[in-house]
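> Provided below: final.pdb, containing PDB, C-alpha atoms, pLDDT in the B column.
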MODEL        1
ATOM      1  CA  MET A  86      -3.681  -0.886 -10.059  1.00 55.00           C
ATOM      2  CA  THR A  87      -3.900  -1.989  -6.467  1.00 62.00           C
ATOM      3  CA  LYS A  88      -2.705  -0.587  -3.203  1.00 70.00           C
ATOM      4  CA  HIS A  89      -0.119  -3.380  -3.297  1.00 75.00           C
ATOM      5  CA  ILE A  90       1.597  -1.792  -6.307  1.00 78.00           C
ATOM      6  CA  LEU A  91       1.672   1.593  -4.563  1.00 79.00           C
ATOM      7  CA  GLU A  92       3.315  -0.052  -1.533  1.00 78.00           C
ATOM      8  CA  GLN A  93       5.678  -1.976  -3.800  1.00 82.00           C
ATOM      9  CA  TYR A  94       6.768   1.344  -5.276  1.00 83.00           C
ATOM     10  CA  THR A  95       7.749   2.710  -1.858  1.00 82.00           C
ATOM     11  CA  ASP A  96       9.595  -0.546  -1.116  1.00 84.00           C
ATOM     12  CA  CYS A  97      11.458  -0.217  -4.407  1.00 85.00           C
ATOM     13  CA  ILE A  98      12.519   3.335  -3.523  1.00 86.00           C
ATOM     14  CA  ALA A  99      13.773   2.155  -0.118  1.00 86.00           C
ATOM     15  CA  ARG A 100      15.733  -0.677  -1.759  1.00 88.00           C
ATOM     16  CA  GLU A 101      17.339   1.733  -4.219  1.00 89.00           C
ATOM     17  CA  ARG A 102      18.307   4.051  -1.344  1.00 89.00           C
ATOM     18  CA  TYR A 103      19.836   1.100   0.550  1.00 91.00           C
ATOM     19  CA  LEU A 104      21.889   0.029  -2.492  1.00 91.00           C
ATOM     20  CA  ARG A 105      23.164   3.578  -3.048  1.00 92.00           C
ATOM     21  CA  ASP A 106      24.260   3.818   0.610  1.00 93.00           C
ATOM     22  CA  SER A 107      25.889   0.399   0.405  1.00 92.00           C
ATOM     23  CA  ILE A 108      27.804   1.354  -2.750  1.00 93.00           C
ATOM     24  CA  THR A 109      28.993   4.562  -1.092  1.00 93.00           C
ATOM     25  CA  ARG A 110      30.255   2.595   1.928  1.00 92.00           C
ATOM     26  CA  LEU A 111      32.088   0.085  -0.285  1.00 92.00           C
ATOM     27  CA  GLU A 112      33.708   2.861  -2.315  1.00 92.00           C
ATOM     28  CA  SER A 113      34.916   4.587   0.840  1.00 91.00           C
ATOM     29  CA  GLU A 114      36.303   1.272   2.123  1.00 89.00           C
ATOM     30  CA  LEU A 115      38.182   0.760  -1.159  1.00 87.00           C
ATOM     31  CA  ASP A 116      39.514   4.320  -0.933  1.00 88.00           C
ATOM     32  CA  ARG A 117      40.699   3.629   2.618  1.00 85.00           C
ATOM     33  CA  ILE A 118      42.531   0.498   1.478  1.00 82.00           C
ATOM     34  CA  ALA A 119      44.164   2.392  -1.399  1.00 82.00           C
ATOM     35  CA  GLU A 120      45.274   5.224   0.918  1.00 81.00           C
ATOM     36  CA  GLU A 121      46.752   2.929   3.540  1.00 79.00           C
ATOM     37  CA  GLY A 122      48.510   0.950   0.840  1.00 74.00           C
ATOM     38  CA  THR A 123      50.285  -1.829   2.630  1.00 74.00           C
ATOM     39  CA  THR A 124      49.481  -3.835   5.708  1.00 73.00           C
ATOM     40  CA  MET A 125      52.044  -5.177   8.145  1.00 72.00           C
ATOM     41  CA  ASP A 126      52.177  -8.178  10.423  1.00 77.00           C
ATOM     42  CA  SER A 127      54.865  -9.563  12.696  1.00 79.00           C
ATOM     43  CA  VAL A 128      55.662 -13.278  12.483  1.00 76.00           C
ATOM     44  CA  SER A 129      57.972 -15.348  14.660  1.00 76.00           C
ATOM     45  CA  CYS A 130      60.362 -17.727  12.885  1.00 77.00           C
ATOM     46  CA  GLY A 131      61.263 -20.968  14.583  1.00 74.00           C
ATOM     47  CA  LYS A 132      61.486 -21.650  18.299  1.00 73.00           C
ATOM     48  CA  LYS A 133      64.130 -22.662  20.740  1.00 72.00           C
ATOM     49  CA  GLY A 134      62.182 -23.808  23.738  1.00 72.00           C
ATOM     50  CA  LYS A 135      59.568 -21.170  24.446  1.00 75.00           C
ATOM     51  CA  LYS A 136      61.505 -18.353  22.779  1.00 75.00           C
ATOM     52  CA  SER A 137      61.269 -17.560  19.101  1.00 74.00           C
ATOM     53  CA  LEU A 138      64.509 -17.395  17.144  1.00 73.00           C
ATOM     54  CA  LYS A 139      63.599 -14.166  15.386  1.00 78.00           C
ATOM     55  CA  ASN A 140      60.669 -12.004  14.409  1.00 80.00           C
ATOM     56  CA  VAL A 141      60.026 -10.988  10.828  1.00 80.00           C
ATOM     57  CA  VAL A 142      57.806  -8.150   9.649  1.00 80.00           C
ATOM     58  CA  ILE A 143      55.715  -8.999   6.598  1.00 77.00           C
ATOM     59  CA  ARG A 144      54.339  -6.190   4.459  1.00 76.00           C
ATOM     60  CA  GLY A 145      51.978  -6.335   1.536  1.00 77.00           C
ATOM     61  CA  PHE A 146      48.856  -5.046  -0.134  1.00 79.00           C
ATOM     62  CA  PRO A 147      45.604  -6.688   1.064  1.00 79.00           C
ATOM     63  CA  GLN A 148      44.804  -7.979  -2.424  1.00 82.00           C
ATOM     64  CA  MET A 149      42.230 -10.563  -1.352  1.00 86.00           C
ATOM     65  CA  GLU A 150      40.199  -8.033   0.615  1.00 86.00           C
ATOM     66  CA  HIS A 151      40.494  -5.494  -2.208  1.00 86.00           C
ATOM     67  CA  ASP A 152      39.318  -8.060  -4.803  1.00 91.00           C
ATOM     68  CA  ARG A 153      36.436  -9.166  -2.579  1.00 91.00           C
ATOM     69  CA  LEU A 154      35.243  -5.583  -2.122  1.00 91.00           C
ATOM     70  CA  CYS A 155      35.580  -4.858  -5.860  1.00 92.00           C
ATOM     71  CA  GLY A 156      33.487  -7.925  -6.695  1.00 94.00           C
ATOM     72  CA  LEU A 157      30.859  -6.964  -4.142  1.00 93.00           C
ATOM     73  CA  LEU A 158      30.798  -3.409  -5.499  1.00 92.00           C
ATOM     74  CA  LYS A 159      30.213  -4.658  -9.058  1.00 94.00           C
ATOM     75  CA  LYS A 160      27.349  -6.891  -7.883  1.00 94.00           C
ATOM     76  CA  ARG A 161      25.704  -4.037  -5.995  1.00 92.00           C
ATOM     77  CA  GLU A 162      26.072  -1.677  -8.969  1.00 93.00           C
ATOM     78  CA  THR A 163      24.420  -4.285 -11.219  1.00 93.00           C
ATOM     79  CA  SER A 164      21.624  -4.713  -8.683  1.00 91.00           C
ATOM     80  CA  LEU A 165      21.179  -0.953  -8.536  1.00 91.00           C
ATOM     81  CA  LYS A 166      20.828  -0.721 -12.321  1.00 92.00           C
ATOM     82  CA  ASN A 167      18.178  -3.462 -12.269  1.00 91.00           C
ATOM     83  CA  GLU A 168      16.320  -1.768  -9.409  1.00 89.00           C
ATOM     84  CA  GLU A 169      16.407   1.559 -11.259  1.00 90.00           C
ATOM     85  CA  GLN A 170      14.821  -0.078 -14.322  1.00 91.00           C
ATOM     86  CA  GLU A 171      12.097  -1.630 -12.182  1.00 88.00           C
ATOM     87  CA  LEU A 172      11.525   1.670 -10.397  1.00 87.00           C
ATOM     88  CA  LEU A 173      11.193   3.488 -13.718  1.00 88.00           C
ATOM     89  CA  LYS A 174       8.521   1.027 -14.881  1.00 88.00           C
ATOM     90  CA  LEU A 175       6.626   1.331 -11.608  1.00 86.00           C
ATOM     91  CA  THR A 176       6.881   5.125 -11.678  1.00 85.00           C
ATOM     92  CA  LEU A 177       5.359   5.243 -15.158  1.00 86.00           C
ATOM     93  CA  GLN A 178       2.538   2.901 -14.106  1.00 85.00           C
ATOM     94  CA  ILE A 179       1.783   4.912 -10.990  1.00 85.00           C
ATOM     95  CA  GLU A 180       1.890   8.256 -12.798  1.00 85.00           C
ATOM     96  CA  GLU A 181      -0.542   6.922 -15.421  1.00 86.00           C
ATOM     97  CA  TYR A 182      -2.824   5.631 -12.675  1.00 84.00           C
ATOM     98  CA  ILE A 183      -2.723   8.890 -10.719  1.00 85.00           C
ATOM     99  CA  SER A 184      -3.448  10.925 -13.849  1.00 87.00           C
ATOM    100  CA  SER A 185      -6.547   8.792 -14.459  1.00 86.00           C
ATOM    101  CA  ILE A 186      -8.089   9.717 -11.068  1.00 86.00           C
ATOM    102  CA  PRO A 187     -10.992  12.138 -11.540  1.00 89.00           C
ATOM    103  CA  SER A 188     -10.406  14.137  -8.332  1.00 89.00           C
ATOM    104  CA  LYS A 189      -7.526  16.591  -8.653  1.00 91.00           C
ATOM    105  CA  GLU A 190      -7.266  16.824  -4.866  1.00 92.00           C
ATOM    106  CA  ILE A 191      -6.723  13.057  -4.548  1.00 91.00           C
ATOM    107  CA  ARG A 192      -4.277  13.179  -7.468  1.00 92.00           C
ATOM    108  CA  ASN A 193      -2.234  15.801  -5.637  1.00 93.00           C
ATOM    109  CA  ILE A 194      -2.276  13.843  -2.361  1.00 93.00           C
ATOM    110  CA  LEU A 195      -1.215  10.589  -4.040  1.00 90.00           C
ATOM    111  CA  SER A 196       1.483  12.321  -6.115  1.00 89.00           C
ATOM    112  CA  LEU A 197       2.972  14.059  -3.101  1.00 91.00           C
ATOM    113  CA  TYR A 198       2.902  10.922  -0.965  1.00 90.00           C
ATOM    114  CA  TYR A 199       4.013   8.276  -3.456  1.00 86.00           C
ATOM    115  CA  ILE A 200       5.923  10.061  -6.224  1.00 85.00           C
ATOM    116  CA  GLU A 201       7.540  12.846  -4.174  1.00 86.00           C
ATOM    117  CA  GLY A 202       8.066  10.569  -1.154  1.00 86.00           C
ATOM    118  CA  MET A 203       6.750  13.078   1.384  1.00 90.00           C
ATOM    119  CA  ASN A 204       5.425  12.040   4.763  1.00 92.00           C
ATOM    120  CA  TRP A 205       1.874  12.969   5.787  1.00 94.00           C
ATOM    121  CA  VAL A 206       2.926  16.128   7.622  1.00 94.00           C
ATOM    122  CA  GLN A 207       4.779  17.370   4.544  1.00 95.00           C
ATOM    123  CA  VAL A 208       1.837  16.429   2.322  1.00 94.00           C
ATOM    124  CA  ALA A 209      -0.509  18.469   4.535  1.00 94.00           C
ATOM    125  CA  GLN A 210       1.825  21.474   4.471  1.00 93.00           C
ATOM    126  CA  LYS A 211       2.169  21.309   0.682  1.00 93.00           C
ATOM    127  CA  MET A 212      -1.590  20.916   0.224  1.00 93.00           C
ATOM    128  CA  ASN A 213      -2.143  23.962   2.445  1.00 92.00           C
ATOM    129  CA  GLY A 214       0.190  25.873   0.136  1.00 90.00           C
ATOM    130  CA  LEU A 215      -1.683  24.682  -2.950  1.00 89.00           C
ATOM    131  CA  TYR A 216      -5.229  25.186  -1.641  1.00 86.00           C
ATOM    132  CA  ARG A 217      -5.827  28.477   0.150  1.00 82.00           C
ATOM    133  CA  LYS A 218      -9.538  27.895   0.907  1.00 82.00           C
ATOM    134  CA  LYS A 219      -9.121  24.548   2.685  1.00 85.00           C
ATOM    135  CA  THR A 220      -7.060  23.550   5.693  1.00 90.00           C
ATOM    136  CA  TYR A 221      -5.287  20.218   5.559  1.00 92.00           C
ATOM    137  CA  THR A 222      -3.855  18.269   8.447  1.00 93.00           C
ATOM    138  CA  GLU A 223      -1.756  15.146   8.542  1.00 93.00           C
ATOM    139  CA  SER A 224      -4.742  12.995   9.498  1.00 94.00           C
ATOM    140  CA  SER A 225      -7.106  14.585   6.956  1.00 93.00           C
ATOM    141  CA  CYS A 226      -4.721  13.826   4.098  1.00 93.00           C
ATOM    142  CA  ARG A 227      -4.124  10.274   5.311  1.00 93.00           C
ATOM    143  CA  ASN A 228      -7.876   9.708   5.767  1.00 94.00           C
ATOM    144  CA  LYS A 229      -8.691  11.030   2.279  1.00 93.00           C
ATOM    145  CA  HIS A 230      -6.033   8.705   0.891  1.00 90.00           C
ATOM    146  CA  GLU A 231      -7.395   5.694   2.800  1.00 90.00           C
ATOM    147  CA  ARG A 232     -11.042   6.473   1.974  1.00 91.00           C
ATOM    148  CA  TYR A 233     -10.225   6.802  -1.711  1.00 89.00           C
ATOM    149  CA  LEU A 234      -8.317   3.513  -1.853  1.00 86.00           C
ATOM    150  CA  LYS A 235     -11.014   1.769   0.165  1.00 86.00           C
ATOM    151  CA  SER A 236     -13.750   3.052  -2.173  1.00 86.00           C
ATOM    152  CA  ILE A 237     -11.854   1.852  -5.237  1.00 80.00           C
ATOM    153  CA  TYR A 238     -10.698  -1.542  -3.974  1.00 71.00           C
ATOM    154  CA  SER A 239     -13.480  -2.741  -1.691  1.00 65.00           C
TER     155      SER A 239
ENDMDL
END
Could you quickly redo this structure as structure tokens?


Amino acid sequence: MTKHILEQYTDCIARERYLRDSITRLESELDRIAEEGTTMDSVSCGKKGKKSLKNVVIRGFPQMEHDRLCGLLKKRETSLKNEEQELLKLTLQIEEYISSIPSKEIRNILSLYYIEGMNWVQVAQKMNGLYRKKTYTESSCRNKHERYLKSIYS
């Protein structure tokens, strides 16, 4: 287990979040198209000099745009399922690795940061809640994390 895999895990979480947001946007766009129903456009028919002979209003459902968005939505949903499978595998690997660390304090810091997705300020606050006899700060948690990884992988 390297630091690279821990970073890959956070990248995988960010990718999953992006895909979920993208799917939500596409679904709202499809809902908007369904609510509006038809689109209209005005077209001029024939010309006599510079003047058009008559104008015609064309109405219809934007089928091409609807089909394009549906196809894109299906692709993103498939990508999301694949990303979720990869994330599950990485989560299991990381949880096994963290449980193998001898120091419970380091286990808690790594779990809060990587598994729970907390930032360093939140990690420090949670650690202060868990450990009454010690005081944790953002930098102390980050430094313990860095020192541990450096000691293992240098």

> Could you tell me which of A:Arg144, A:His89, A:Arg110, A:Lys136 comes closest to A:Thr124 if we count all atoms listed in the file?

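Residue with the minimum atom-to-atom distance to A:Thr124: A:Arg144.
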
> Taking all atoms of stretch 164-177 of chain A that appear in the file, build a box with edges along x, y and z, extend it by 8 Å on every side, and state its centre and edge lengths in Å to one decimal, as JSON.


{"center_x": 13.5, "center_y": 0.3, "center_z": -11.8, "size_x": 32.3, "size_y": 26.0, "size_z": 22.6}

> Any chance you could resolve the PyMOL selection byres ((chain A and resi 233) around 12) against this file and give the residues as a VMD selection string?

chain A and resid 87 to 88 183 186 to 188 190 to 192 194 to 195 226 to 232 234 to 239

> Tell me which protein, DNA and RNA residues are within 9 Å of stretch 163-174 of chain A, counting all atoms listed in the file, leaving out same-chain ones fewer than 5 positions away, and put them as a short mmCIF file (atom, residue, chain, number, x, y, z; two decimals) with C-alpha atoms, in the frame of the given file.


data_model
loop_
_atom_site.label_atom_id
_atom_site.label_comp_id
_atom_site.auth_asym_id
_atom_site.auth_seq_id
_atom_site.Cartn_x
_atom_site.Cartn_y
_atom_site.Cartn_z
CA TYR A 94 6.77 1.34 -5.28
CA CYS A 97 11.46 -0.22 -4.41
CA ILE A 98 12.52 3.34 -3.52
CA ARG A 100 15.73 -0.68 -1.76
CA GLU A 101 17.34 1.73 -4.22
CA LEU A 104 21.89 0.03 -2.49
CA ARG A 105 23.16 3.58 -3.05
CA LEU A 158 30.80 -3.41 -5.50
CA ILE A 179 1.78 4.91 -10.99
#

> At a cut-off of 9 Å, using all atoms listed in the file, what residues contact A:Leu111? Leave out same-chain residues fewer than 6 positions from it and give the result as an MDAnalysis selection string.

chainID A and resid 154:155 157:158

> Based on the selection just made, write C-alpha atoms of those residues as an mmCIF file, in the frame of the given file.


data_model
loop_
_atom_site.group_PDB
_atom_site.id
_atom_site.type_symbol
_atom_site.label_atom_id
_atom_site.label_comp_id
_atom_site.auth_asym_id
_atom_site.auth_seq_id
_atom_site.Cartn_x
_atom_site.Cartn_y
_atom_site.Cartn_z
ATOM 1 C CA LEU A 154 35.243 -5.583 -2.122
ATOM 2 C CA CYS A 155 35.580 -4.858 -5.860
ATOM 3 C CA LEU A 157 30.859 -6.964 -4.142
ATOM 4 C CA LEU A 158 30.798 -3.409 -5.499
#

> Using Å and a single decimal, report how far atom CA of A:Glu120 sits from atom CA of A:Tyr103.

25.8 Å

> Atom CA of A:Glu223 and atom CA of A:Ala209 are how many Å apart?

5.4 Å

> Work out how far atom CA of A:Glu112 is from atom CA of A:Thr95, in Å to one decimal.

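Answer for the atom CA of A:Thr95 to atom CA of A:Glu112 separation: 26.0 Å.
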
> From the set A:Lys211, A:Ile200, A:Ser184, A:Gln148, which residue has the shortest atom-to-atom contact distance to A:Leu115, counting only C-alpha atoms?

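Nearest to A:Leu115: A:Gln148.
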
> With distances taken over all atoms listed in the file, which residue among A:Gln93, A:Ser129, A:Thr123, A:Ser113 lies nearest A:Pro147?

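Looking at the shortest contact to A:Pro147, the residue is A:Thr123.
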
> Restricting the calculation to only C-alpha atoms, which member of A:Ser185, A:Ser127, A:Thr109, A:Gln178 is positioned closest to A:Leu91?

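For A:Leu91, the nearest of the candidates is A:Gln178.
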
> Determine the residue set returned by the PyMOL selection byres ((chain A and resi 141) around 8) for the present structure, and present it as an MDAnalysis selection string.

chainID A and resid 127:130 139:140 142:143

> I'd like to know which of A:Thr176, A:Asp116, A:Lys219, A:Lys160 is closest to A:Gly202, using only C-alpha atoms.

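Looking at the shortest contact to A:Gly202, the residue is A:Thr176.
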